[in-house]
Amino acid sequence: MGTRNYRRKTSHSEHGPGDGGRTGSWRVERPVLDESLCIPCKRNKEACFICWLYCPEIVVSRTIPPRFDLEYCKGCGICAEECPTKAITMIDEAHFSEEKKAKE
Amino acid sequence: MHIIEDGNTTAALGVKLCRANVIAAYPITPQTPLTERLSEYVESGKMKAEYIPVESEHSALAVCIAASSAGARVFTATSANGLLYMHEQVQWASGARLPIVMCVVNRAVGAPWNVWNDQQDSISQRDTGWMQIYCADHQQIIDTVIKAYWLAEKASIPIMVCYDGYILSHTTMPFDLPDQEKVDEFLPPFQPDYALNPDEPANLNTVTLPDVRIDTKGQLAHGYMEIRCLLQEELRTTLQLASEAEKRFAGIFGRGGNPYLEPYRCDDADYVAVGLGSITYQLRVCVDALRKEGIKVGVMGVRYYRPFPDAVIADALKGKKGIIVFEKALSYGYEGALTSDLKSALYEHLAGTGALPSVQNFIVGIGGREIHTRDLTENFRAATQGRVSREPSWIGLKL
Amino acid sequence: MNKDFIQIRWHGRGGQGAITAAKIVAGAAFVSGFAGVVTAPTFGTERRGAPVMTSLKISKEKIYDLSPIETPDIVVVLDHLLLNEADVTHGLKKDGIIVLNTPMAHETYDFKNYRLATADITAISVEAGLPHGMVNTGIIGSLEKATRLLGIDILIKGIEEEFRTRKPEKNSLAAKMAYERTETGD
């Protein structure tokens, strides 16, 4: 493998965000974390990370607290759905643009 | 009455007007809205039919085969890999001589995965014993669905009504919605030659021997080869039947003409572009542009692809300097299937007459690659100035 | 602008209803005597929230070329934030018209060589009683004000027909209000 340029002859890509462009602009709802409910935050140790595991776009970090890469997060809401402590809430993007407007 | 709808809704309205009894389909892009419309018509009672949701395309056609064997007028539709998954049943339907109408909403096949338009899906089913008709706009989609039932039921041969995914399926344009009464006049209820009947049990298409045999009634029954030969012979005679259908249709609806070909500015043309589906209408714009430059060109859409109207095509192209075939599919390892078929027809009917045109093959729009009219025009022009390549030439390739 | 063949490109987001809006204008154009009307969405990108384009071609004669618009006469932008994400003026003819839904003032923008029409359709639609973010009927009013193409009455009729089971009065009110409040800079 590698010498016959196989990867260029097929459709081949590496996993990770960005293969479909800057998908963050597709988002209608944004995931927001409540650290007081999040298991790794509460225990301050590496645990749970169901959000990281389930994110189909690989935009949730395996850190304390877990972070969402909003550049690429499509807002699918799977993290919020799967979170065992309901620490993630999906909030309408309009709320953030209005917040931004209010600051300006 | 003129209405504006997308191509999938147009096809669904056609199926509704034809009063199909049984619909079985599995959704696949870009066919999905077609099956959605039909299930809405059935659910709301606007259409009296049995809609059978299935778990795969293979099952969709299997249901149609069973229902058609029992005497129902049936419909299914698919695209791309769905059609490929259906392939075994596709062959079965024609061998069983069932008048099934199926819309193929043309889409590229995997791998790699792609949901956009080309015609590799239906072209790859060219040799299955089905009739195949290609549509260039919404009026043709709805009219062809109606004619397809008449043809299929007359010939006891299934038929694919093919139209380009997205380019036609998701594009809206106005068309004349035929009146129900007129459709009923054109297309009487399905009278099957034979239908399964519990009172007279029968075996259908079980093991059929290489040679003829004496059956239980002491009569000589066809072997496999006779049955297959009859499929070929009767498929060829649907060419005449298509003419009859067109005349009947024109008599009732006041539109129609040549069922096989759709020529545009071909009469005095030196070079004629040939293709299947919506690209042949786009090529009309190129023809107009090149005519303004003084280049005598025309375009001929092939509507009826199987059976192949070889004599009509050869006659239409006789004496032309060159034929330029724009294809959205190819027989991998050689060239576009339509190009091969055309060459064969030209050789058969024109060899030795001195009226044999040269043939150039362009491959275009594979996997939904955007077809820019100016690119088409440029390549069309180049092909009138001498042969571009012996191998198929790919338009818009960035390799 | 050649009024025998008009090309309008719509920029919106998946789910915003740009396709429906284009279809309403197409229907109104057809009954106004344009024999050729074709709408075509960006193929295959029916993703909620993603920037999408829809082509609308209006012609006195049947349209044979279904390829996407490359040199529009008019572009309609349903969300001003799209200006940062999409090259909305790409191919726009000189003196072409931009119809923009924006909360910002007309003079905030400087589109050289183009004519701009603006209205805060998002706010107008809420005022007309529609849910937040429903802007596809309001923008039709702005389009008409900016182009004087078909007349507002026939468009209102088209809107009420399309939305006959989904708040037709509120949708047509949004279009009427947008028509009145669109700033064209003239």
# chains A, B, ... in the order shown; residues from 1 in each chain; ligands from 1
call {"tool": "interface_residues", "arguments": {"of": "chain A", "to": "chain B", "cutoff": "12 Å", "atoms": "only C-alpha atoms", "output": "JSON, numbers by chain"}}
result
{"A": [8, 9, 10, 11, 12, 13]}
call {"tool": "write_last_selection", "arguments": {"atoms": "C-alpha atoms", "output": "PDB file, in the first residue's frame"}}
result
ATOM      1  CA  ARG A   8      -6.031   9.178  -4.832  1.00  0.00           C
ATOM      2  CA  LYS A   9      -7.915   6.684  -6.992  1.00  0.00           C
ATOM      3  CA  THR A  10     -10.682   6.277  -4.455  1.00  0.00           C
ATOM      4  CA  SER A  11     -12.625   8.745  -2.365  1.00  0.00           C
ATOM      5  CA  HIS A  12     -10.512   8.914   0.749  1.00  0.00           C
ATOM      6  CA  SER A  13     -10.569  11.335   3.663  1.00  0.00           C
TER       7      SER A  13
END
call {"tool": "closest_atom_pairs", "arguments": {"of": "chain A", "to": "chain C", "cutoff": "10 Å", "atoms": "only C-alpha atoms", "output": "Markdown table"}}
result
| residue | atom | partner | partner_atom | distance |
| --- | --- | --- | --- | --- |
| A:Arg22 | CA | C:Glu85 | CA | 9.5 |
| A:Thr23 | CA | C:Ala50 | CA | 7.5 |
| A:Gly24 | CA | C:Ala50 | CA | 8.8 |
| A:Ser25 | CA | C:Ala50 | CA | 6.3 |
| A:Trp26 | CA | C:Gly49 | CA | 3.9 |
| A:Arg27 | CA | C:Gly49 | CA | 5.6 |
| A:Val28 | CA | C:Gly49 | CA | 6.0 |
| A:Glu29 | CA | C:Gly49 | CA | 9.6 |
| A:Lys74 | CA | C:Gly49 | CA | 8.5 |
| A:Gly75 | CA | C:Gly49 | CA | 9.4 |
| A:Cys76 | CA | C:Arg48 | CA | 9.9 |
| A:Ala94 | CA | C:Gly133 | CA | 8.8 |
call {"tool": "interface_residues", "arguments": {"of": "chain B", "to": "chain C", "cutoff": "9 Å", "atoms": "only C-alpha atoms", "output": "PyMOL selection string"}}
result
chain B and resi 3-6+29-30+115-116+137+166-168+170-174+278-285+368+370-373
call {"tool": "closest_residue", "arguments": {"among": "B:Phe186, B:Phe308, B:Trp92, B:Tyr85", "to": "Leu17 in chain B", "atoms": "only C-alpha atoms"}}
result
B:Phe186
call {"tool": "select_by_dssp", "arguments": {"residues": "chain C", "states": "strand (DSSP E)", "output": "number ranges by chain"}}
result
C: 5-13, 36-41, 51-59, 74-77, 97-101, 115-119
call {"tool": "residues_around", "arguments": {"residues": "Arg115 in chain C", "least_positions_apart": "4", "cutoff": "9 Å", "atoms": "only C-alpha atoms", "output": "PyMOL selection string"}}
result
chain C and resi 95-99+111+146+184-185
call {"tool": "atom_distance", "arguments": {"atom1": "CA of Gln385 in chain B", "atom2": "CA of Lys296 in chain B"}}
result
11.7 Å
call {"tool": "select_by_dssp", "arguments": {"residues": "range 192-357 of chain B", "states": "helix (DSSP H, G or I)", "output": "PyMOL selection string"}}
result
chain B and resi 224-253+279-292+310-317+337-350
call {"tool": "write_last_selection", "arguments": {"atoms": "C-alpha atoms", "output": "PDB file, in the first residue's frame"}}
result
ATOM      1  CA  TYR B 224     -36.298 -21.266 -21.893  1.00  0.00           C
ATOM      2  CA  MET B 225     -34.797 -20.258 -25.219  1.00  0.00           C
ATOM      3  CA  GLU B 226     -38.163 -19.896 -26.997  1.00  0.00           C
ATOM      4  CA  ILE B 227     -39.507 -17.744 -24.181  1.00  0.00           C
ATOM      5  CA  ARG B 228     -36.433 -15.498 -24.275  1.00  0.00           C
ATOM      6  CA  CYS B 229     -36.570 -15.229 -28.069  1.00  0.00           C
ATOM      7  CA  LEU B 230     -40.219 -14.121 -27.860  1.00  0.00           C
ATOM      8  CA  LEU B 231     -39.214 -11.397 -25.392  1.00  0.00           C
ATOM      9  CA  GLN B 232     -36.651 -10.096 -27.886  1.00  0.00           C
ATOM     10  CA  GLU B 233     -39.042 -10.280 -30.850  1.00  0.00           C
ATOM     11  CA  GLU B 234     -41.923  -8.604 -29.060  1.00  0.00           C
ATOM     12  CA  LEU B 235     -39.660  -5.981 -27.522  1.00  0.00           C
ATOM     13  CA  ARG B 236     -38.600  -5.077 -31.064  1.00  0.00           C
ATOM     14  CA  THR B 237     -42.248  -4.845 -32.184  1.00  0.00           C
ATOM     15  CA  THR B 238     -42.964  -2.282 -29.474  1.00  0.00           C
ATOM     16  CA  LEU B 239     -41.260   0.161 -31.872  1.00  0.00           C
ATOM     17  CA  GLN B 240     -44.410   0.016 -34.012  1.00  0.00           C
ATOM     18  CA  LEU B 241     -46.567   0.043 -30.903  1.00  0.00           C
ATOM     19  CA  ALA B 242     -44.892   3.283 -29.799  1.00  0.00           C
ATOM     20  CA  SER B 243     -46.017   4.915 -33.041  1.00  0.00           C
ATOM     21  CA  GLU B 244     -49.555   3.728 -32.403  1.00  0.00           C
ATOM     22  CA  ALA B 245     -49.446   5.026 -28.829  1.00  0.00           C
ATOM     23  CA  GLU B 246     -48.201   8.397 -30.049  1.00  0.00           C
ATOM     24  CA  LYS B 247     -50.994   8.708 -32.631  1.00  0.00           C
ATOM     25  CA  ARG B 248     -53.644   7.709 -30.106  1.00  0.00           C
ATOM     26  CA  PHE B 249     -52.229  10.146 -27.575  1.00  0.00           C
ATOM     27  CA  ALA B 250     -52.033  12.992 -30.103  1.00  0.00           C
ATOM     28  CA  GLY B 251     -55.624  12.309 -31.144  1.00  0.00           C
ATOM     29  CA  ILE B 252     -56.879  12.728 -27.579  1.00  0.00           C
ATOM     30  CA  PHE B 253     -54.481  15.303 -26.100  1.00  0.00           C
ATOM     31  CA  ILE B 279     -29.055  17.686 -21.779  1.00  0.00           C
ATOM     32  CA  THR B 280     -30.603  17.523 -25.242  1.00  0.00           C
ATOM     33  CA  TYR B 281     -32.659  20.618 -24.380  1.00  0.00           C
ATOM     34  CA  GLN B 282     -29.630  22.421 -22.987  1.00  0.00           C
ATOM     35  CA  LEU B 283     -27.842  21.577 -26.248  1.00  0.00           C
ATOM     36  CA  ARG B 284     -30.549  23.498 -28.139  1.00  0.00           C
ATOM     37  CA  VAL B 285     -29.128  26.672 -26.611  1.00  0.00           C
ATOM     38  CA  CYS B 286     -25.665  25.665 -27.914  1.00  0.00           C
ATOM     39  CA  VAL B 287     -27.123  24.943 -31.343  1.00  0.00           C
ATOM     40  CA  ASP B 288     -28.670  28.424 -31.503  1.00  0.00           C
ATOM     41  CA  ALA B 289     -25.345  29.997 -30.477  1.00  0.00           C
ATOM     42  CA  LEU B 290     -23.315  28.018 -33.015  1.00  0.00           C
ATOM     43  CA  ARG B 291     -25.853  28.692 -35.781  1.00  0.00           C
ATOM     44  CA  LYS B 292     -25.303  32.421 -35.150  1.00  0.00           C
ATOM     45  CA  ASP B 310     -31.858   1.959 -35.140  1.00  0.00           C
ATOM     46  CA  ALA B 311     -33.471   2.387 -38.575  1.00  0.00           C
ATOM     47  CA  VAL B 312     -35.151   5.701 -37.673  1.00  0.00           C
ATOM     48  CA  ILE B 313     -31.920   7.017 -36.165  1.00  0.00           C
ATOM     49  CA  ALA B 314     -29.756   5.983 -39.112  1.00  0.00           C
ATOM     50  CA  ASP B 315     -32.237   7.573 -41.490  1.00  0.00           C
ATOM     51  CA  ALA B 316     -32.220  10.813 -39.509  1.00  0.00           C
ATOM     52  CA  LEU B 317     -28.410  10.955 -39.459  1.00  0.00           C
ATOM     53  CA  ALA B 337     -23.297   2.909 -24.493  1.00  0.00           C
ATOM     54  CA  LEU B 338     -25.367   5.250 -26.677  1.00  0.00           C
ATOM     55  CA  THR B 339     -22.264   5.927 -28.803  1.00  0.00           C
ATOM     56  CA  SER B 340     -21.761   2.194 -29.377  1.00  0.00           C
ATOM     57  CA  ASP B 341     -25.434   1.723 -30.200  1.00  0.00           C
ATOM     58  CA  LEU B 342     -25.368   4.634 -32.647  1.00  0.00           C
ATOM     59  CA  LYS B 343     -22.242   3.376 -34.376  1.00  0.00           C
ATOM     60  CA  SER B 344     -23.856  -0.027 -34.704  1.00  0.00           C
ATOM     61  CA  ALA B 345     -27.031   1.460 -36.233  1.00  0.00           C
ATOM     62  CA  LEU B 346     -25.050   3.651 -38.619  1.00  0.00           C
ATOM     63  CA  TYR B 347     -22.880   0.713 -39.723  1.00  0.00           C
ATOM     64  CA  GLU B 348     -25.909  -1.542 -40.199  1.00  0.00           C
ATOM     65  CA  HIS B 349     -27.907   0.923 -42.279  1.00  0.00           C
ATOM     66  CA  LEU B 350     -25.331   3.161 -43.934  1.00  0.00           C
TER      67      LEU B 350
END
call {"tool": "residues_around", "arguments": {"residues": "range 15-20 of chain A", "least_positions_apart": "6", "cutoff": "12 Å", "atoms": "only C-alpha atoms", "output": "number ranges by chain"}}
result
A: 26, 55-61, 68-74; C: 45, 47, 50
call {"tool": "write_last_selection", "arguments": {"atoms": "C-alpha atoms", "output": "PDB file, in the first residue's frame"}}
result
ATOM      1  CA  TRP A  26     -25.614  25.419   9.452  1.00  0.00           C
ATOM      2  CA  CYS A  55     -20.608  13.525  18.580  1.00  0.00           C
ATOM      3  CA  PRO A  56     -20.751  12.503  14.898  1.00  0.00           C
ATOM      4  CA  GLU A  57     -18.690  15.530  13.873  1.00  0.00           C
ATOM      5  CA  ILE A  58     -15.884  15.055  16.436  1.00  0.00           C
ATOM      6  CA  VAL A  59     -16.295  18.624  17.639  1.00  0.00           C
ATOM      7  CA  VAL A  60     -16.623  17.885  21.381  1.00  0.00           C
ATOM      8  CA  SER A  61     -13.293  17.807  23.230  1.00  0.00           C
ATOM      9  CA  PHE A  68     -17.720  22.439  21.579  1.00  0.00           C
ATOM     10  CA  ASP A  69     -15.929  23.608  18.441  1.00  0.00           C
ATOM     11  CA  LEU A  70     -18.607  25.987  17.180  1.00  0.00           C
ATOM     12  CA  GLU A  71     -16.711  26.530  13.938  1.00  0.00           C
ATOM     13  CA  TYR A  72     -17.876  23.070  12.878  1.00  0.00           C
ATOM     14  CA  CYS A  73     -20.713  22.036  15.252  1.00  0.00           C
ATOM     15  CA  LYS A  74     -23.838  21.589  13.082  1.00  0.00           C
TER      16      LYS A  74
ATOM     17  CA  THR C  45     -27.831  20.419  -0.077  1.00  0.00           C
ATOM     18  CA  ARG C  47     -29.443  20.831   5.057  1.00  0.00           C
ATOM     19  CA  ALA C  50     -26.694  25.664   5.509  1.00  0.00           C
TER      20      ALA C  50
END
call {"tool": "residues_around", "arguments": {"residues": "range 144-156 of chain B", "least_positions_apart": "3", "cutoff": "6 Å", "atoms": "only C-alpha atoms", "output": "PyMOL selection string"}}
result
chain B and resi 14+97-99+140-141
call {"tool": "write_last_selection", "arguments": {"atoms": "N, CA and C atoms", "output": "compact mmCIF listing (two decimals), in the first residue's frame"}}
result
# COMPACT_ATOMS: atom_id res chain seq x y z
N GLY B 14 -48.96 11.87 -12.71
CA GLY B 14 -49.19 10.97 -13.84
C GLY B 14 -49.65 9.59 -13.38
N ARG B 97 -42.83 -11.16 -18.18
CA ARG B 97 -43.69 -10.39 -19.10
C ARG B 97 -44.78 -9.61 -18.37
N LEU B 98 -44.35 -8.87 -17.33
CA LEU B 98 -45.30 -8.10 -16.53
C LEU B 98 -45.23 -6.61 -16.89
N PRO B 99 -46.38 -6.00 -17.12
CA PRO B 99 -46.39 -4.61 -17.60
C PRO B 99 -46.21 -3.58 -16.48
N GLN B 140 -43.01 15.96 -20.85
CA GLN B 140 -42.66 14.62 -21.31
C GLN B 140 -42.78 13.61 -20.16
N ILE B 141 -42.44 14.01 -18.95
CA ILE B 141 -42.53 13.07 -17.83
C ILE B 141 -43.97 12.59 -17.67
call {"tool": "atom_distance", "arguments": {"atom1": "CA of Leu130 in chain C", "atom2": "CA of Pro31 in chain A"}}
result
26.0 Å
call {"tool": "closest_residue", "arguments": {"among": "A:Pro84, A:Arg67, A:Leu53, A:Phe96", "to": "Leu33 in chain A", "atoms": "only C-alpha atoms"}}
result
A:Arg67
call {"tool": "residues_around", "arguments": {"residues": "Ile154 in chain C", "least_positions_apart": "2", "cutoff": "12 Å", "atoms": "only C-alpha atoms", "output": "MDAnalysis selection string"}}
result
chainID C and resid 24:32 140:141 144 148:152 156:161 172 175:176
call {"tool": "closest_atom_pairs", "arguments": {"of": "range 35-123 of chain B", "to": "range 187-205 of chain B", "cutoff": "6 Å", "atoms": "only C-alpha atoms", "output": "Markdown table"}}
result
| residue | atom | partner | partner_atom | distance |
| --- | --- | --- | --- | --- |
| B:Ser69 | CA | B:Ala195 | CA | 5.6 |
| B:Ala70 | CA | B:Leu196 | CA | 4.6 |
| B:Gly71 | CA | B:Ala195 | CA | 4.9 |
call {"tool": "write_last_selection", "arguments": {"atoms": "N, CA and C atoms", "output": "tab-separated table (two decimals), in the first residue's frame"}}
result
chain	number	residue	atom	x	y	z
B	69	SER	N	-48.77	-9.86	-11.37
B	69	SER	CA	-49.15	-11.24	-11.74
B	69	SER	C	-50.61	-11.51	-11.38
B	70	ALA	N	-51.09	-10.80	-10.36
B	70	ALA	CA	-52.48	-10.98	-9.95
B	70	ALA	C	-53.42	-10.03	-10.69
B	71	GLY	N	-52.88	-9.28	-11.65
B	71	GLY	CA	-53.74	-8.45	-12.50
B	71	GLY	C	-53.85	-7.00	-12.11
